[in-house]
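Encoded as structure tokens, the structure appears first; notes follow it.
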Amino acid sequence: MDFGDDVMDGSDGQHRKKRYHRHTPRQIQQLEAMFKECPHPDENQRMQLSRELGLEPRQIKFWFQNRRTQMKAQHERQDNCFLRAENDKIRCENIAMREALRNVICPTCGGPPVADDYFDEQKLRMENARLKEELDRVSSLTSKYLGRPFTQLPPVQPLSMSSSLDLSVGGLGSPALGPSLDLDLLSGGSSGYHHPAFHLPTAVSEMERPMMAEMATRAMDELIRMAQAGEQLWARTGGPDGREVLNVDTYDSIFSKPGSSFRGPDVHVEGSRDSGLVFMSAVGLVDMFMDSSKWMEFFPAIVSNARTIDVLVNGMAGRSESLVLMYEELHVMSPVVPTRELCFLRYCRQIEHGLWAVADVSVDLQPRDARFGAPPQPPRSCRLPSGCLIADMANGYSKVTWVEHMEVEDRVPIHLLYRDLILSGAAFGAHRWLAALQRACERCACLATAGMPPRDIAGVTPEGNRSMMKLSQRMVSGFCASLSASQLHRWTTLSGPNDVGVRVMVHRSTDPGQPSGVVLSAATSIWLPVPCDRVFAFICDENTRSQWDVLSHGNPVQEVSRIPNGSHPGNCISLLRGLNASQNSMLILQESCTDASGSLVVYAPIDIPAANVVMSGEDPSAIPLLPSGFTILPDGRPGASPSSSSSAGPLGSPPAGSLVTVAFQILVSSLPSSKLNAESVATVNSLISTTVEQIKAALNCASH
């Protein structure tokens with residue numbers, strides 16, 4: 001209906017013919033202006049409009065009724081268009097997945113996947129009961145034949161939510177690509193590392209506070225002495241980087257404590273020190289150290305979880321010291337390496353003007369129950385006095401001296417791939433912490449100055465740059481958290497392209513920053529005889545992306561926007577567009593970052609309407625992302641430079657190698673109650689295996 005017309009109401013229209021009246025442009029303009037301010041004017045407002053426009057109140061009333069009806073119909077048309085577009089997109093994804101599944105083969109036998117028939121926990125229990133009866137019958141017959149009782153194998157543990165899921169058929173190692181897998185079973189699968197929840201108090205009792213304050217003070221004194229000590233306490237490694245490692249014997253003689261001279265045979269010590277300039281003020285760094293949320297935000301590649309348990313001394317209101325009890329989990333972003341759990345005191349104190357110290361020391365809050373049959377405790381990681389000295393510089397920088405000192409129990413064997421990196425202390429050493437801090441501070445500086453540069457090549461406004469950086473930061477944090485091998489992230493192993501295999505995990509996503517529904521995560525870790533910087537450059541290069549990105553189907557991509565977020569040219573955020581007609585509605589948000597300790601390449605698909613929201617500077621917190629990507633770490637082999645471009649180390653030492661973790665996440669279903677079928681597992685297994693093979697082929701190391 002034309003908004004310039006008004007009609008009589010229904011009751012009058014039943015007795016006389018409807019009359020139409022066309023309003024003047026001035027009347028329509030004023031009515032439209034009023035409608036934008038108030039779509040439902042009251043009687044007084046309608047009377048005022050009637051006087052101003054020379055119309056009857058009833059005409060005003062009917063015009064607003066018609067305008068609201070037209071607006072509602074317009075919104076419904078827009079919603080219908082959006083739903084049709086979503087439907088088309090889902091249909092295209094469906095077709096793409098079906099095409100991928102046509103090429104799925106069993107990696108063991110080379111044949112097609114078996115039929116997709118469902119089984120659940122009840123069927124497994126019935127099969128287990130049948131096999132148990134068969135075993136009892138055979139055992140009884142054997143006992144009669146031998147003339148003595150037959151000792152059976154140890155009883156199989158009953159199937160439970162915490163048991164790992166065997167994804168083999170008939171126990172012969174064939175991948176479970178056939179029967180449909182119960183979501184609850186798969187989400188209960190693990191990487192073989194189980195332990196009870198880390199026992200944490202809700203608060204520190206009044207009786208314990210003086211003891212903890214004294215412990216923190218002693219730790220602070222020891223930290224300052226270690227940070228300022230010379231070559232007697234610290235020795236430089238013989239590698240190209242010449243890192244400082246702790247002389248354990250000298251430490252034991254200088255800082256002797258009751259019982260400290262005895263360490264169990266399964267305990268190894270990690271001690272390291274590093275120093276460097278960081279582009280952030282000392283006060284800003286102290287604020288980050290004392291805030292567990294910011295602590296996680298700065299170190300997503302090292303800290304998978306952190307929270308403040310209790311605040312013992314509040315450093316606000318002009319105080320120069322703070323003391324908190326914190327909990328954290330440390331990881332190396334691989335499903336094959338369990339996390340380290342720590343409960344520790346963090347004590348911050350201003351030593352003098354412009355000089356701060358932040359000291360950490362573990363607090364043993366685990367109940368020690370040595371009774372027979374008690375559940376086994378997790379391997380203990382104990383942080384001995386560690387931390388930082390932070391000196392404020394005049395140019396906006398701070399000089400940070402980082403000391404990391406830890407004792408770790410080796411109850412669980414370290415995976416062979418990561419053994420050198422872990423035992424060398426590099427995985428959680430001061431060098432890695434400081435390099436990650438320098439990179440995070442550079443990123444913060446780029447975020448703060450994102451409004452200063454002009455528009456980039458895609459015409460993104462300064463506000464859009466900041467919005468895109470915030471969205472990308474959330475993407476990276478989500479990706480790092482998804483790779484944690486903690487007690488809450490239990491991985492199930494499928495067969496794969498190496499001895500690690502493809503590890504999978506399922507969770508129901510309710511986070512507003514992720515698509516709602518059932519999410520399947522899959523990852524594998526490989527060793528490549530290639531330096532880290534070469535692997536990073538290959539994966540980041542848009543010109544070589546088609547060589548490893550299976551979903552690009554060999555088509556090239558084009559960078560449409562780029563935001564630097566660090567001094568290294570590889571540290572940037574990019575928007576990529578696939579040069580393929582079927583992918584015109586989707587872009588790829590990617591962040592790549594690298595430092596002396598390792599690299600990350602994280603990306604996620606984002607549709608064009610969402611990208612427009614981000615580039616216009618609006619809040620990106622509601623945009624759902626499901627990130628995938630790569631982590632690249634040095635292999636930790638002695639004598640090899642982690643970033644050298646040469647193929648071999650000095651004096652014939654082993655070649656510098658890289659530990660690369662490939663991880664994908666896919667939305668299996670938007671219904672949280674749905675079950676995971678074998679097609680999704682087969683697709684992601686094939687996706688990772690093909691990606692690994694193509695990377696190896698492109699880097700000329702297919703035989704490894």
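By convention in this document, the chains of the structure tokens carry letters A, B, ... by their order, each chain's residues are numbered from 1, and ligands are numbered from 1 in the order they are shown.
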- Item | Neighbour list for Met212 (chain A) as a PyMOL selection string, cut-off 12 Å, only C-alpha atoms, skip fewer than 3 positions in-chain | chain A and resi 204-209+215-219+310-313+323-325+344-347+360-365
Generate a file of the selected residues that holds N, CA and C atoms, formatted as a tab-separated table (two decimals), in the first residue's frame.
```tsv
chain	number	residue	atom	x	y	z
A	204	VAL	N	41.59	-18.65	51.32
A	204	VAL	CA	42.64	-18.97	52.28
A	204	VAL	C	42.13	-18.63	53.68
A	205	SER	N	42.29	-19.56	54.61
A	205	SER	CA	41.82	-19.33	55.97
A	205	SER	C	42.70	-18.30	56.66
A	206	GLU	N	42.15	-17.71	57.72
A	206	GLU	CA	42.91	-16.70	58.48
A	206	GLU	C	44.15	-17.30	59.10
A	207	MET	N	44.11	-18.57	59.45
A	207	MET	CA	45.27	-19.21	60.07
A	207	MET	C	46.41	-19.39	59.08
A	208	GLU	N	46.06	-19.58	57.79
A	208	GLU	CA	47.09	-19.83	56.77
A	208	GLU	C	47.70	-18.55	56.21
A	209	ARG	N	47.03	-17.42	56.38
A	209	ARG	CA	47.50	-16.18	55.74
A	209	ARG	C	48.89	-15.75	56.21
A	215	MET	N	55.96	-17.13	53.30
A	215	MET	CA	56.46	-17.91	52.16
A	215	MET	C	56.69	-17.00	50.96
A	216	ALA	N	55.77	-16.08	50.70
A	216	ALA	CA	55.91	-15.17	49.58
A	216	ALA	C	57.10	-14.23	49.76
A	217	THR	N	57.33	-13.78	50.99
A	217	THR	CA	58.46	-12.88	51.26
A	217	THR	C	59.78	-13.59	51.00
A	218	ARG	N	59.90	-14.85	51.47
A	218	ARG	CA	61.13	-15.61	51.21
A	218	ARG	C	61.32	-15.85	49.71
A	219	ALA	N	60.23	-16.13	49.00
A	219	ALA	CA	60.34	-16.34	47.56
A	219	ALA	C	60.80	-15.08	46.85
A	310	ASP	N	42.20	-16.34	45.59
A	310	ASP	CA	41.97	-15.44	46.72
A	310	ASP	C	42.96	-14.28	46.63
A	311	VAL	N	42.52	-13.13	47.09
A	311	VAL	CA	43.38	-11.94	47.17
A	311	VAL	C	43.75	-11.74	48.63
A	312	LEU	N	45.02	-11.96	48.94
A	312	LEU	CA	45.47	-11.85	50.33
A	312	LEU	C	45.85	-10.42	50.68
A	313	VAL	N	46.51	-9.72	49.76
A	313	VAL	CA	46.85	-8.31	49.96
A	313	VAL	C	46.48	-7.59	48.68
A	323	LEU	N	49.43	-9.45	46.93
A	323	LEU	CA	49.65	-10.87	47.11
A	323	LEU	C	48.35	-11.60	46.79
A	324	VAL	N	48.41	-12.52	45.82
A	324	VAL	CA	47.23	-13.28	45.43
A	324	VAL	C	47.59	-14.76	45.35
A	325	LEU	N	46.58	-15.60	45.52
A	325	LEU	CA	46.72	-17.03	45.32
A	325	LEU	C	46.07	-17.35	43.98
A	344	PHE	N	49.72	-21.44	43.06
A	344	PHE	CA	50.90	-20.71	43.53
A	344	PHE	C	50.52	-19.33	44.07
A	345	LEU	N	51.42	-18.82	44.88
A	345	LEU	CA	51.31	-17.44	45.36
A	345	LEU	C	52.03	-16.53	44.38
A	346	ARG	N	51.42	-15.41	44.08
A	346	ARG	CA	52.06	-14.39	43.25
A	346	ARG	C	52.16	-13.11	44.07
A	347	TYR	N	53.39	-12.69	44.33
A	347	TYR	CA	53.66	-11.55	45.21
A	347	TYR	C	54.32	-10.46	44.39
A	360	ASP	N	56.72	-15.73	42.12
A	360	ASP	CA	55.79	-16.85	42.18
A	360	ASP	C	56.42	-17.98	42.98
A	361	VAL	N	55.60	-18.70	43.75
A	361	VAL	CA	56.05	-19.90	44.44
A	361	VAL	C	54.84	-20.80	44.66
A	362	SER	N	55.02	-22.10	44.38
A	362	SER	CA	53.92	-23.04	44.48
A	362	SER	C	53.49	-23.25	45.93
A	363	VAL	N	52.19	-23.51	46.08
A	363	VAL	CA	51.62	-23.85	47.38
A	363	VAL	C	51.00	-25.23	47.22
A	364	ASP	N	51.41	-26.17	48.08
A	364	ASP	CA	50.91	-27.54	47.98
A	364	ASP	C	49.58	-27.63	48.71
A	365	LEU	N	48.50	-27.65	47.94
A	365	LEU	CA	47.16	-27.75	48.52
A	365	LEU	C	46.52	-29.09	48.22
```
- Task: Write out as a PyMOL selection string which residues come within 9 Å of Ser689 (chain A) when counting only C-alpha atoms, dropping same-chain ones fewer than 3 positions away.
- Result: chain A and resi 496-497+502+524+684-686+692-694
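Checking A:Leu423, A:Leu447, A:Val530, A:Ala33 one by one against Met406 (chain A), counting only C-alpha atoms, you find the shortest gap at A:Leu423.
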- Message: If we count only C-alpha atoms and set the cut-off at 12 Å, which residues sit around Thr250 (chain A), ignoring sequence neighbours fewer than 5 positions away in its own chain? Please answer as an MDAnalysis selection string.
- Response: chainID A and resid 226 229:235 245 255:256 261
- Task: Quote the spacing between CA of Ala203 (chain A) and CA of Thr308 (chain A) in Å to one decimal place.
- Result: 9.9 Å
- Message: Applying 7 Å and only C-alpha atoms, which residues near Ser516 (chain A) remain after dropping the ones on its own chain fewer than 5 positions away? List them as a PyMOL selection string.
- Response: chain A and resi 509-510+670
- Item | Non-local contacts of Asp541 (chain A) (12 Å; only C-alpha atoms; under 2 positions in same chain excluded) as an MDAnalysis selection string | chainID A and resid 534:539 543:549 556:559 569:570 572 574 576 590 592 601
With N, CA and C atoms retained, could you export that selection as a PDB file, in the first residue's frame?
```pdb
ATOM      1  N   ARG A 534      61.021 -21.477   8.080  1.00  0.00           N
ATOM      2  CA  ARG A 534      60.660 -21.898   6.724  1.00  0.00           C
ATOM      3  C   ARG A 534      59.234 -22.469   6.694  1.00  0.00           C
ATOM      4  N   VAL A 535      58.875 -23.264   7.706  1.00  0.00           N
ATOM      5  CA  VAL A 535      57.515 -23.802   7.774  1.00  0.00           C
ATOM      6  C   VAL A 535      56.511 -22.664   7.922  1.00  0.00           C
ATOM      7  N   PHE A 536      56.824 -21.695   8.787  1.00  0.00           N
ATOM      8  CA  PHE A 536      55.934 -20.556   9.014  1.00  0.00           C
ATOM      9  C   PHE A 536      55.731 -19.751   7.736  1.00  0.00           C
ATOM     10  N   ALA A 537      56.825 -19.477   7.030  1.00  0.00           N
ATOM     11  CA  ALA A 537      56.724 -18.692   5.791  1.00  0.00           C
ATOM     12  C   ALA A 537      55.896 -19.422   4.740  1.00  0.00           C
ATOM     13  N   PHE A 538      56.043 -20.737   4.660  1.00  0.00           N
ATOM     14  CA  PHE A 538      55.287 -21.503   3.663  1.00  0.00           C
ATOM     15  C   PHE A 538      53.786 -21.457   3.950  1.00  0.00           C
ATOM     16  N   ILE A 539      53.405 -21.643   5.215  1.00  0.00           N
ATOM     17  CA  ILE A 539      51.980 -21.685   5.555  1.00  0.00           C
ATOM     18  C   ILE A 539      51.350 -20.298   5.426  1.00  0.00           C
ATOM     19  N   ASN A 543      50.418 -17.183  -1.717  1.00  0.00           N
ATOM     20  CA  ASN A 543      50.702 -17.781  -3.026  1.00  0.00           C
ATOM     21  C   ASN A 543      50.888 -19.295  -2.956  1.00  0.00           C
ATOM     22  N   THR A 544      51.212 -19.822  -1.765  1.00  0.00           N
ATOM     23  CA  THR A 544      51.403 -21.268  -1.618  1.00  0.00           C
ATOM     24  C   THR A 544      50.271 -21.922  -0.828  1.00  0.00           C
ATOM     25  N   ARG A 545      49.257 -21.155  -0.459  1.00  0.00           N
ATOM     26  CA  ARG A 545      48.186 -21.714   0.369  1.00  0.00           C
ATOM     27  C   ARG A 545      47.471 -22.872  -0.343  1.00  0.00           C
ATOM     28  N   SER A 546      47.294 -22.761  -1.626  1.00  0.00           N
ATOM     29  CA  SER A 546      46.578 -23.811  -2.362  1.00  0.00           C
ATOM     30  C   SER A 546      47.319 -25.144  -2.322  1.00  0.00           C
ATOM     31  N   GLN A 547      48.607 -25.128  -1.943  1.00  0.00           N
ATOM     32  CA  GLN A 547      49.373 -26.374  -1.893  1.00  0.00           C
ATOM     33  C   GLN A 547      49.050 -27.203  -0.657  1.00  0.00           C
ATOM     34  N   TRP A 548      48.492 -26.567   0.408  1.00  0.00           N
ATOM     35  CA  TRP A 548      48.156 -27.337   1.611  1.00  0.00           C
ATOM     36  C   TRP A 548      46.693 -27.232   2.015  1.00  0.00           C
ATOM     37  N   ASP A 549      46.013 -26.171   1.618  1.00  0.00           N
ATOM     38  CA  ASP A 549      44.629 -25.976   2.037  1.00  0.00           C
ATOM     39  C   ASP A 549      43.708 -26.859   1.183  1.00  0.00           C
ATOM     40  N   PRO A 556      43.684 -20.384  -5.980  1.00  0.00           N
ATOM     41  CA  PRO A 556      44.470 -19.385  -5.246  1.00  0.00           C
ATOM     42  C   PRO A 556      43.580 -18.511  -4.374  1.00  0.00           C
ATOM     43  N   VAL A 557      44.209 -17.804  -3.443  1.00  0.00           N
ATOM     44  CA  VAL A 557      43.506 -16.847  -2.590  1.00  0.00           C
ATOM     45  C   VAL A 557      44.143 -15.475  -2.768  1.00  0.00           C
ATOM     46  N   GLN A 558      43.376 -14.455  -2.423  1.00  0.00           N
ATOM     47  CA  GLN A 558      43.851 -13.078  -2.565  1.00  0.00           C
ATOM     48  C   GLN A 558      43.663 -12.354  -1.241  1.00  0.00           C
ATOM     49  N   GLU A 559      44.683 -11.624  -0.812  1.00  0.00           N
ATOM     50  CA  GLU A 559      44.597 -10.840   0.419  1.00  0.00           C
ATOM     51  C   GLU A 559      43.880  -9.521   0.117  1.00  0.00           C
ATOM     52  N   PRO A 569      57.562  -8.931   9.941  1.00  0.00           N
ATOM     53  CA  PRO A 569      56.595  -8.826   8.827  1.00  0.00           C
ATOM     54  C   PRO A 569      55.565  -9.949   8.807  1.00  0.00           C
ATOM     55  N   GLY A 570      55.876 -11.066   9.449  1.00  0.00           N
ATOM     56  CA  GLY A 570      54.912 -12.164   9.493  1.00  0.00           C
ATOM     57  C   GLY A 570      53.840 -12.000  10.541  1.00  0.00           C
ATOM     58  N   CYS A 572      50.787 -10.448  11.520  1.00  0.00           N
ATOM     59  CA  CYS A 572      49.752  -9.635  10.895  1.00  0.00           C
ATOM     60  C   CYS A 572      48.403 -10.353  10.953  1.00  0.00           C
ATOM     61  N   SER A 574      44.990 -10.834   8.494  1.00  0.00           N
ATOM     62  CA  SER A 574      44.631 -10.717   7.083  1.00  0.00           C
ATOM     63  C   SER A 574      43.200 -11.174   6.860  1.00  0.00           C
ATOM     64  N   LEU A 576      41.340 -12.891   3.706  1.00  0.00           N
ATOM     65  CA  LEU A 576      41.650 -13.552   2.457  1.00  0.00           C
ATOM     66  C   LEU A 576      40.357 -13.916   1.734  1.00  0.00           C
ATOM     67  N   GLN A 590      42.502 -14.486   9.136  1.00  0.00           N
ATOM     68  CA  GLN A 590      43.723 -15.212   9.508  1.00  0.00           C
ATOM     69  C   GLN A 590      44.642 -14.307  10.312  1.00  0.00           C
ATOM     70  N   SER A 592      48.617 -14.495  11.818  1.00  0.00           N
ATOM     71  CA  SER A 592      49.891 -15.202  11.900  1.00  0.00           C
ATOM     72  C   SER A 592      50.808 -14.427  12.827  1.00  0.00           C
ATOM     73  N   VAL A 601      49.675 -19.945  13.236  1.00  0.00           N
ATOM     74  CA  VAL A 601      48.873 -19.496  12.100  1.00  0.00           C
ATOM     75  C   VAL A 601      47.455 -19.992  12.361  1.00  0.00           C
TER      76      VAL A 601
END
```
- Note on the structure: Counting only C-alpha atoms, the residue among A:Leu135, A:Val504, A:Ile390, A:Ile573 that lies closest to Gln473 (chain A) is A:Ile573
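If only C-alpha atoms are the atoms counted, then among A:Phe279, A:Phe298, A:Phe289, A:Phe62 the closest residue to Val476 (chain A) is A:Phe298.
Taking CA of Ser673 (chain A) as the reference point, CA of Asp88 (chain A) is found at 24.0 Å.
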- Task: Skip Pro57 (chain A) itself and residues of its chain fewer than 6 positions away, then list as JSON, numbers by chain all residues within 8 Å of it, counting only C-alpha atoms.
- Result: {"A": [46, 47, 49, 50]}
- Query: So which residues touch region 263-277 of chain A within 9 Å, counting only C-alpha atoms, skipping near sequence neighbours fewer than 6 positions away, as a PyMOL selection string?
  - Reply: chain A and resi 226-227+234+243-248+397-411+423-426+428-431+434-435+438
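Remark: for Val550 (chain A), the closest of the candidate residues A:Gln45, A:Asn395, A:Thr691, A:Gln70 is A:Thr691 (distances computed over only C-alpha atoms).
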